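What follows is target-v2.cif (mmCIF, C-alpha atoms).
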```cif
data_entry
loop_
_atom_site.label_atom_id
_atom_site.label_comp_id
_atom_site.auth_asym_id
_atom_site.auth_seq_id
_atom_site.Cartn_x
_atom_site.Cartn_y
_atom_site.Cartn_z
CA PHE A 20 -43.84 11.86 -14.92
CA ASN A 21 -41.26 10.45 -12.48
CA LEU A 22 -42.42 6.86 -12.00
CA ARG A 23 -39.62 5.61 -9.72
CA GLY A 24 -39.07 8.81 -7.75
CA MET A 25 -35.40 9.03 -8.71
CA VAL A 26 -33.49 12.15 -9.64
CA LYS A 27 -29.91 12.28 -10.85
CA THR A 28 -28.01 15.53 -10.70
CA ALA A 29 -24.58 16.34 -12.08
CA GLU A 30 -22.57 19.42 -11.20
CA GLU A 31 -21.09 21.31 -14.13
CA HIS A 32 -17.48 22.11 -13.21
CA LYS A 33 -15.82 25.06 -14.90
CA GLY A 34 -12.32 23.93 -13.94
CA SER A 35 -9.74 25.38 -11.58
CA ILE A 36 -7.32 25.67 -14.52
CA ARG A 37 -9.09 28.94 -15.37
CA LYS A 38 -7.50 30.49 -12.29
CA VAL A 39 -3.92 29.99 -13.42
CA LEU A 40 -2.43 33.48 -13.50
CA GLN A 41 -2.08 34.97 -16.97
CA HIS A 42 1.57 35.84 -16.53
CA ILE A 43 2.39 32.17 -15.83
CA HIS A 44 3.20 31.17 -19.41
CA VAL A 45 3.75 27.44 -19.02
CA ARG A 46 2.91 24.41 -21.15
CA GLN A 47 0.29 22.37 -19.28
CA MET A 48 0.27 18.78 -20.52
CA PHE A 49 -2.26 16.13 -19.49
CA ILE A 50 -1.27 12.54 -20.30
CA LYS A 51 -3.94 9.83 -20.43
CA MET A 52 -2.84 6.38 -19.35
CA PRO A 53 -4.48 3.11 -20.46
CA LEU A 54 -7.61 2.08 -18.58
CA LYS A 55 -7.26 -0.72 -16.02
CA GLU A 56 -10.14 -2.75 -14.65
CA ASN A 57 -9.38 -2.38 -10.95
CA LEU A 58 -7.71 0.15 -8.68
CA LYS A 59 -4.70 -2.03 -7.86
CA ASP A 60 -3.87 -2.51 -11.53
CA ALA A 61 -4.40 1.23 -12.14
CA ASP A 62 -1.95 2.09 -9.33
CA ASP A 63 0.66 -0.29 -10.72
CA ALA A 64 0.17 1.04 -14.26
CA ARG A 65 0.57 4.63 -13.05
CA PHE A 66 3.80 3.78 -11.24
CA SER A 67 5.16 1.91 -14.26
CA TYR A 68 4.27 4.77 -16.59
CA PHE A 69 5.98 7.26 -14.31
CA CYS A 70 9.13 5.14 -14.09
CA ASP A 71 9.33 4.35 -17.81
CA ASN A 72 8.31 7.70 -19.26
CA ILE A 73 8.11 10.68 -16.91
CA PHE A 74 11.20 9.97 -14.82
CA SER A 75 13.32 9.36 -17.91
CA GLN A 76 12.33 12.79 -19.27
CA VAL A 77 13.15 14.58 -16.03
CA HIS A 78 16.32 12.65 -15.28
CA GLY A 79 17.57 12.28 -18.83
CA SER A 80 17.30 15.98 -19.64
CA CYS A 81 18.69 17.00 -16.22
CA GLN A 82 15.50 18.99 -15.68
CA SER A 83 16.12 20.86 -12.45
CA HIS A 84 13.70 22.77 -10.22
CA THR A 85 10.99 20.12 -10.69
CA LEU A 86 8.23 19.77 -8.09
CA LEU A 87 6.84 16.21 -7.99
CA VAL A 88 3.43 15.94 -6.29
CA VAL A 89 2.00 12.57 -5.19
CA PRO A 90 -1.48 12.09 -3.70
CA SER A 91 -0.77 9.85 -0.71
CA TYR A 92 1.95 8.74 1.65
CA LEU A 93 1.85 5.23 0.14
CA ASP A 94 2.56 6.68 -3.29
CA PHE A 95 5.25 8.84 -1.70
CA VAL A 96 7.08 5.82 -0.27
CA ARG A 97 6.87 3.96 -3.57
CA VAL A 98 8.17 6.90 -5.64
CA ARG A 99 10.80 7.86 -3.05
CA ASN A 100 12.24 4.34 -3.03
CA PHE A 101 12.39 4.36 -6.82
CA LEU A 102 14.19 7.71 -6.89
CA LYS A 103 16.68 6.43 -4.32
CA LYS A 104 17.29 3.30 -6.37
CA LYS A 105 17.99 5.44 -9.43
CA GLU A 106 20.25 7.73 -7.38
CA ALA A 107 18.23 10.74 -8.50
CA SER A 108 19.02 14.22 -7.22
CA PHE A 109 15.98 14.82 -5.03
CA ILE A 110 14.78 15.82 -1.61
CA ALA A 111 11.41 15.09 -0.05
CA CYS A 112 8.82 16.56 2.32
CA THR A 113 5.66 15.03 3.74
CA GLU A 114 3.10 15.94 6.35
CA TYR A 115 5.40 14.18 8.83
CA SER A 116 8.51 16.27 8.10
CA ASP A 117 9.67 18.54 10.92
CA ALA A 118 10.48 22.24 10.52
CA PRO A 119 14.28 21.87 10.11
CA GLN A 120 13.81 19.20 7.42
CA VAL A 121 11.38 21.38 5.51
CA LEU A 122 13.62 24.45 5.78
CA ARG A 123 16.61 22.50 4.49
CA ALA A 124 14.62 20.93 1.67
CA ARG A 125 13.23 24.26 0.48
CA GLY A 126 16.69 25.81 0.54
CA ASP A 127 18.33 22.94 -1.37
CA PHE A 128 15.57 23.03 -3.97
CA PHE A 129 15.60 26.81 -4.44
CA HIS A 130 19.37 27.00 -4.80
CA GLY A 131 19.48 24.03 -7.19
CA ARG A 132 21.43 21.69 -4.93
CA LYS A 133 18.66 19.15 -5.56
CA ASP A 134 16.85 18.82 -8.89
CA VAL A 135 13.54 17.43 -7.63
CA LEU A 136 11.38 18.23 -4.61
CA LEU A 137 8.98 15.36 -3.85
CA ILE A 138 5.92 16.29 -1.77
CA THR A 139 2.55 14.81 -0.81
CA GLU A 140 -0.79 16.55 -1.23
CA ARG A 141 -1.24 16.48 2.53
CA PHE A 142 2.03 18.39 2.94
CA HIS A 143 0.57 21.19 0.82
CA PHE A 144 -2.81 20.88 2.55
CA TYR A 145 -1.37 21.43 6.02
CA PHE A 146 1.38 23.97 5.37
CA ARG A 147 0.67 25.89 2.12
CA PHE A 148 4.32 26.96 1.83
CA ARG A 149 5.18 29.34 -1.01
CA ILE A 150 7.87 27.09 -2.46
CA ARG A 151 10.38 29.18 -4.40
CA GLY A 152 12.30 28.09 -7.46
CA ILE A 153 9.68 25.90 -9.15
CA ARG A 154 10.07 25.77 -12.94
CA HIS A 155 8.44 22.43 -13.68
CA ILE A 156 5.67 20.45 -11.96
CA VAL A 157 4.72 16.79 -12.29
CA PHE A 158 1.39 15.70 -10.85
CA TYR A 159 1.73 11.95 -10.33
CA SER A 160 -2.06 11.97 -10.11
CA LEU A 161 -4.52 14.84 -10.38
CA PRO A 162 -5.05 16.43 -6.95
CA GLN A 163 -8.18 15.62 -4.99
CA PHE A 164 -8.72 19.30 -4.28
CA PRO A 165 -8.75 21.20 -7.59
CA GLU A 166 -7.46 24.42 -6.04
CA PHE A 167 -4.17 22.63 -5.29
CA TYR A 168 -3.50 22.49 -9.02
CA THR A 169 -3.91 26.23 -9.41
CA GLU A 170 -2.07 27.12 -6.21
CA LEU A 171 1.01 25.11 -7.14
CA VAL A 172 1.09 26.13 -10.81
CA ASN A 173 0.86 29.78 -9.78
CA LEU A 174 4.06 29.30 -7.75
CA ILE A 175 6.10 28.64 -10.89
CA SER A 176 8.86 31.21 -11.27
CA LEU A 177 10.45 31.48 -14.70
CA HIS A 178 13.77 33.13 -15.45
CA ASP A 179 14.77 34.74 -18.75
CA ASP A 180 13.16 32.89 -21.68
CA VAL A 181 13.23 29.43 -20.13
CA GLY A 182 9.76 27.93 -20.44
CA GLY A 183 8.09 26.00 -17.64
CA THR A 184 6.04 22.83 -17.88
CA VAL A 185 3.25 21.14 -15.96
CA THR A 186 2.72 17.42 -16.55
CA SER A 187 -0.34 15.64 -15.13
CA LEU A 188 -1.09 11.93 -15.35
CA TYR A 189 -4.70 10.77 -15.44
CA CYS A 190 -6.84 7.79 -16.36
CA LYS A 191 -10.53 6.89 -16.48
CA GLN A 192 -10.61 6.40 -12.69
CA ASP A 193 -9.58 10.07 -12.29
CA GLN A 194 -12.69 11.37 -14.06
CA LEU A 195 -14.03 13.43 -11.14
CA ASN A 196 -10.66 15.01 -10.36
CA LEU A 197 -10.14 15.77 -14.05
CA GLN A 198 -13.54 17.47 -14.26
CA ARG A 199 -12.71 19.70 -11.32
CA VAL A 200 -9.36 20.75 -12.81
CA VAL A 201 -10.10 21.23 -16.54
CA GLY A 202 -13.89 21.52 -16.47
CA SER A 203 -16.66 19.00 -17.16
CA SER A 204 -16.92 19.50 -20.92
CA ARG A 205 -13.16 19.39 -21.49
CA ALA A 206 -12.84 16.31 -19.29
CA GLU A 207 -15.49 14.47 -21.30
CA GLN A 208 -13.66 15.28 -24.55
CA MET A 209 -10.28 14.25 -23.12
CA LEU A 210 -11.56 10.93 -21.79
CA SER A 211 -13.36 9.99 -25.02
CA SER A 212 -10.60 11.18 -27.37
CA ASP A 213 -8.15 8.81 -29.03
CA LYS A 214 -5.39 11.28 -28.22
CA THR A 215 -3.32 10.45 -25.16
CA VAL A 216 -1.80 13.93 -24.71
CA HIS A 217 -3.72 17.18 -24.35
CA MET A 218 -1.99 20.55 -24.13
CA PHE A 219 -3.06 23.84 -22.57
CA ALA A 220 -1.13 27.08 -22.46
#
```
What's the structure tokens form of this structure?
Amino acid sequence: FNLRGMVKTAEEHKGSIRKVLQHIHVRQMFIKMPLKENLKDADDARFSYFCDNIFSQVHGSCQSHTLLVVPSYLDFVRVRNFLKKKEASFIACTEYSDAPQVLRARGDFFHGRKDVLLITERFHFYFRFRIRGIRHIVFYSLPQFPEFYTELVNLISLHDDVGGTVTSLYCKQDQLNLQRVVGSSRAEQMLSSDKTVHMFA
């Protein structure tokens, strides 16, 4: 008997991660950041975590051919300014980049003249370029559209026995995006677990 006339439905997501091609043997790592009470604090915490942990891994190990994906242009500006300050070897593309800029960036990245290619989700949304030379991917935040995760991971091209990596940052506020990428049941386990790192292969 439904006294108040209310119905709550929840979609069971299977996760776009299932569509990663089998021959793409990469280590997919999801890192859970501490929960913050409001969105502003969560944004600041994400940026700090990236600067203190993720960037040091990429820069310290001279990890080349790394695609860095940020969700918005505001995040792009913040991360770009940080990379400039650190004099990192990177090149960037956004939805506002013109054709010559994009062509040059893709060439520099593929040939290893720049270690990191920084892009926005909207850049991928509008252009869907098949970016060559990707060996590592860092998702600054899980993509809003789950198919973006699969599309970009499937672009990874490995050479010899060098293993690739995919690193994704998430927090409690990313629950819906996490469900769409890894599946509803996995997302629930990851969010409730005391572990801060979850690995998939």
If we draw a sphere of 10 Å around (-1.7, 34.0, -7.8), which residues have at least one atom in it when counting all atoms listed in the file? Please report them as a PyMOL selection string. chain A and resi 38-43+169-175
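Of the residues listed (A:Ser83, A:Pro90, A:Gly202, A:Pro119), A:Ser83 shows the shortest atom-to-atom separation from A:Gly183; distances use only C-alpha atoms.
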Selection result for the PyMOL selection byres ((chain A and resi 107-113) around 6) on this file, as an MDAnalysis selection string: chainID A and resid 102 105:106 114:116 133:139 142
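Of the listed residues A:Leu195, A:Ala220, A:Cys190, A:Val77, the one whose atoms come nearest to A:Asn57 is A:Cys190, with distances taken using all atoms listed in the file.
Residue nearest A:Arg97 within the list A:Phe219, A:Tyr159, A:Phe66, A:Phe128: A:Phe66 [criterion: smallest interatomic distance, only C-alpha atoms].
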Chain and number of each residue from the PyMOL selection byres ((chain A and resi 53) around 9), as a VMD selection string: chain A and resid 51 to 52 54 to 55 61 64 190 to 191 215
Quick check on the file I pasted: which residues fall under the PyMOL selection byres ((chain A and resi 151) around 9)? Write them as a PyMOL selection string. chain A and resi 125-126+128-129+148-150+152-153+174-176
Can you list, as a PyMOL selection string, every protein, DNA or RNA residue that comes within 10 Å of A:Ser160 when you count all atoms listed in the file, leaving out same-chain residues fewer than 6 positions away? chain A and resi 62+65+88-91+94+186-190+193+196-197
From the options A:Val185, A:Val96, A:Ala124, A:Val200, which residue's atoms come nearest to A:Gln163, counting only C-alpha atoms?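 Counting only C-alpha atoms, the residue closest to A:Gln163 is A:Val200.
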Give me the residues within 6 Å of stretch 203-210 of chain A as a short mmCIF file (atom, residue, chain, number, x, y, z; two decimals) with C-alpha atoms, in the frame of the given file, counting only C-alpha atoms and dropping any in the same chain fewer than 4 places off.
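The resulting file, result22.cif, is reproduced below:
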```
data_model
loop_
_atom_site.label_atom_id
_atom_site.label_comp_id
_atom_site.auth_asym_id
_atom_site.auth_seq_id
_atom_site.Cartn_x
_atom_site.Cartn_y
_atom_site.Cartn_z
CA GLU A 31 -21.09 21.31 -14.13
CA HIS A 32 -17.48 22.11 -13.21
CA LEU A 197 -10.14 15.77 -14.05
CA GLN A 198 -13.54 17.47 -14.26
#
```
Atom-to-atom span, atom CA of A:His217 and atom CA of A:Phe49, Å: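 Between these atoms lies a distance of 5.2 Å.
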Å distance separating atom CA of A:Ile50 from atom CA of A:Thr184, one decimal place: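 Separation of atom CA of A:Ile50 and atom CA of A:Thr184: 12.9 Å.
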Please determine, counting only C-alpha atoms, which residue among A:Asn100, A:Ser75, A:Thr85, A:Gln194 has the shortest atom-to-atom distance to A:Pro162.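 Closest residue, counting only C-alpha atoms: A:Gln194.
Shortest atom-to-atom contact with A:Arg199 among A:Leu93, A:Leu122, A:Val216, A:Leu161: A:Leu161, counting only C-alpha atoms.
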Output stretch 40-55 of chain A with N, CA, C and O atoms present, as a PDB file, in the coordinates of the input.
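After the write, result.pdb holds the following:
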```pdb
ATOM      1  N   LEU A  40      -2.722  32.081 -13.212  1.00  0.00           N
ATOM      2  CA  LEU A  40      -2.430  33.480 -13.500  1.00  0.00           C
ATOM      3  C   LEU A  40      -1.955  33.654 -14.939  1.00  0.00           C
ATOM      4  O   LEU A  40      -1.204  32.832 -15.465  1.00  0.00           O
ATOM      5  N   GLN A  41      -2.371  34.759 -15.556  1.00  0.00           N
ATOM      6  CA  GLN A  41      -2.080  34.970 -16.970  1.00  0.00           C
ATOM      7  C   GLN A  41      -0.595  35.125 -17.253  1.00  0.00           C
ATOM      8  O   GLN A  41      -0.129  34.797 -18.347  1.00  0.00           O
ATOM      9  N   HIS A  42       0.150  35.639 -16.280  1.00  0.00           N
ATOM     10  CA  HIS A  42       1.570  35.840 -16.530  1.00  0.00           C
ATOM     11  C   HIS A  42       2.387  34.539 -16.380  1.00  0.00           C
ATOM     12  O   HIS A  42       3.573  34.505 -16.668  1.00  0.00           O
ATOM     13  N   ILE A  43       1.713  33.461 -15.934  1.00  0.00           N
ATOM     14  CA  ILE A  43       2.390  32.170 -15.830  1.00  0.00           C
ATOM     15  C   ILE A  43       2.289  31.469 -17.179  1.00  0.00           C
ATOM     16  O   ILE A  43       1.356  30.716 -17.450  1.00  0.00           O
ATOM     17  N   HIS A  44       3.231  31.742 -18.067  1.00  0.00           N
ATOM     18  CA  HIS A  44       3.200  31.170 -19.410  1.00  0.00           C
ATOM     19  C   HIS A  44       3.917  29.815 -19.402  1.00  0.00           C
ATOM     20  O   HIS A  44       5.115  29.725 -19.652  1.00  0.00           O
ATOM     21  N   VAL A  45       3.168  28.782 -19.087  1.00  0.00           N
ATOM     22  CA  VAL A  45       3.750  27.440 -19.020  1.00  0.00           C
ATOM     23  C   VAL A  45       2.926  26.500 -19.905  1.00  0.00           C
ATOM     24  O   VAL A  45       1.740  26.722 -20.153  1.00  0.00           O
ATOM     25  N   ARG A  46       3.572  25.449 -20.349  1.00  0.00           N
ATOM     26  CA  ARG A  46       2.910  24.410 -21.150  1.00  0.00           C
ATOM     27  C   ARG A  46       2.311  23.400 -20.179  1.00  0.00           C
ATOM     28  O   ARG A  46       3.039  22.743 -19.434  1.00  0.00           O
ATOM     29  N   GLN A  47       0.991  23.297 -20.177  1.00  0.00           N
ATOM     30  CA  GLN A  47       0.290  22.370 -19.280  1.00  0.00           C
ATOM     31  C   GLN A  47      -0.124  21.141 -20.087  1.00  0.00           C
ATOM     32  O   GLN A  47      -0.960  21.227 -20.976  1.00  0.00           O
ATOM     33  N   MET A  48       0.455  20.012 -19.747  1.00  0.00           N
ATOM     34  CA  MET A  48       0.270  18.780 -20.520  1.00  0.00           C
ATOM     35  C   MET A  48      -0.428  17.731 -19.649  1.00  0.00           C
ATOM     36  O   MET A  48       0.022  17.435 -18.543  1.00  0.00           O
ATOM     37  N   PHE A  49      -1.514  17.182 -20.174  1.00  0.00           N
ATOM     38  CA  PHE A  49      -2.260  16.130 -19.490  1.00  0.00           C
ATOM     39  C   PHE A  49      -2.094  14.835 -20.290  1.00  0.00           C
ATOM     40  O   PHE A  49      -2.415  14.788 -21.474  1.00  0.00           O
ATOM     41  N   ILE A  50      -1.576  13.806 -19.631  1.00  0.00           N
ATOM     42  CA  ILE A  50      -1.270  12.540 -20.300  1.00  0.00           C
ATOM     43  C   ILE A  50      -2.232  11.461 -19.808  1.00  0.00           C
ATOM     44  O   ILE A  50      -2.299  11.166 -18.615  1.00  0.00           O
ATOM     45  N   LYS A  51      -2.966  10.884 -20.758  1.00  0.00           N
ATOM     46  CA  LYS A  51      -3.940   9.830 -20.430  1.00  0.00           C
ATOM     47  C   LYS A  51      -3.279   8.466 -20.494  1.00  0.00           C
ATOM     48  O   LYS A  51      -2.666   8.101 -21.501  1.00  0.00           O
ATOM     49  N   MET A  52      -3.413   7.729 -19.415  1.00  0.00           N
ATOM     50  CA  MET A  52      -2.840   6.380 -19.350  1.00  0.00           C
ATOM     51  C   MET A  52      -3.911   5.353 -19.693  1.00  0.00           C
ATOM     52  O   MET A  52      -5.108   5.622 -19.570  1.00  0.00           O
ATOM     53  N   PRO A  53      -3.511   4.162 -20.102  1.00  0.00           N
ATOM     54  CA  PRO A  53      -4.480   3.110 -20.460  1.00  0.00           C
ATOM     55  C   PRO A  53      -5.385   2.754 -19.281  1.00  0.00           C
ATOM     56  O   PRO A  53      -4.959   2.756 -18.125  1.00  0.00           O
ATOM     57  N   LEU A  54      -6.629   2.445 -19.595  1.00  0.00           N
ATOM     58  CA  LEU A  54      -7.610   2.080 -18.580  1.00  0.00           C
ATOM     59  C   LEU A  54      -7.323   0.700 -18.020  1.00  0.00           C
ATOM     60  O   LEU A  54      -7.050  -0.238 -18.770  1.00  0.00           O
ATOM     61  N   LYS A  55      -7.397   0.580 -16.691  1.00  0.00           N
ATOM     62  CA  LYS A  55      -7.260  -0.720 -16.020  1.00  0.00           C
ATOM     63  C   LYS A  55      -8.572  -1.039 -15.313  1.00  0.00           C
ATOM     64  O   LYS A  55      -9.305  -0.148 -14.874  1.00  0.00           O
TER      65      LYS A  55
END
```
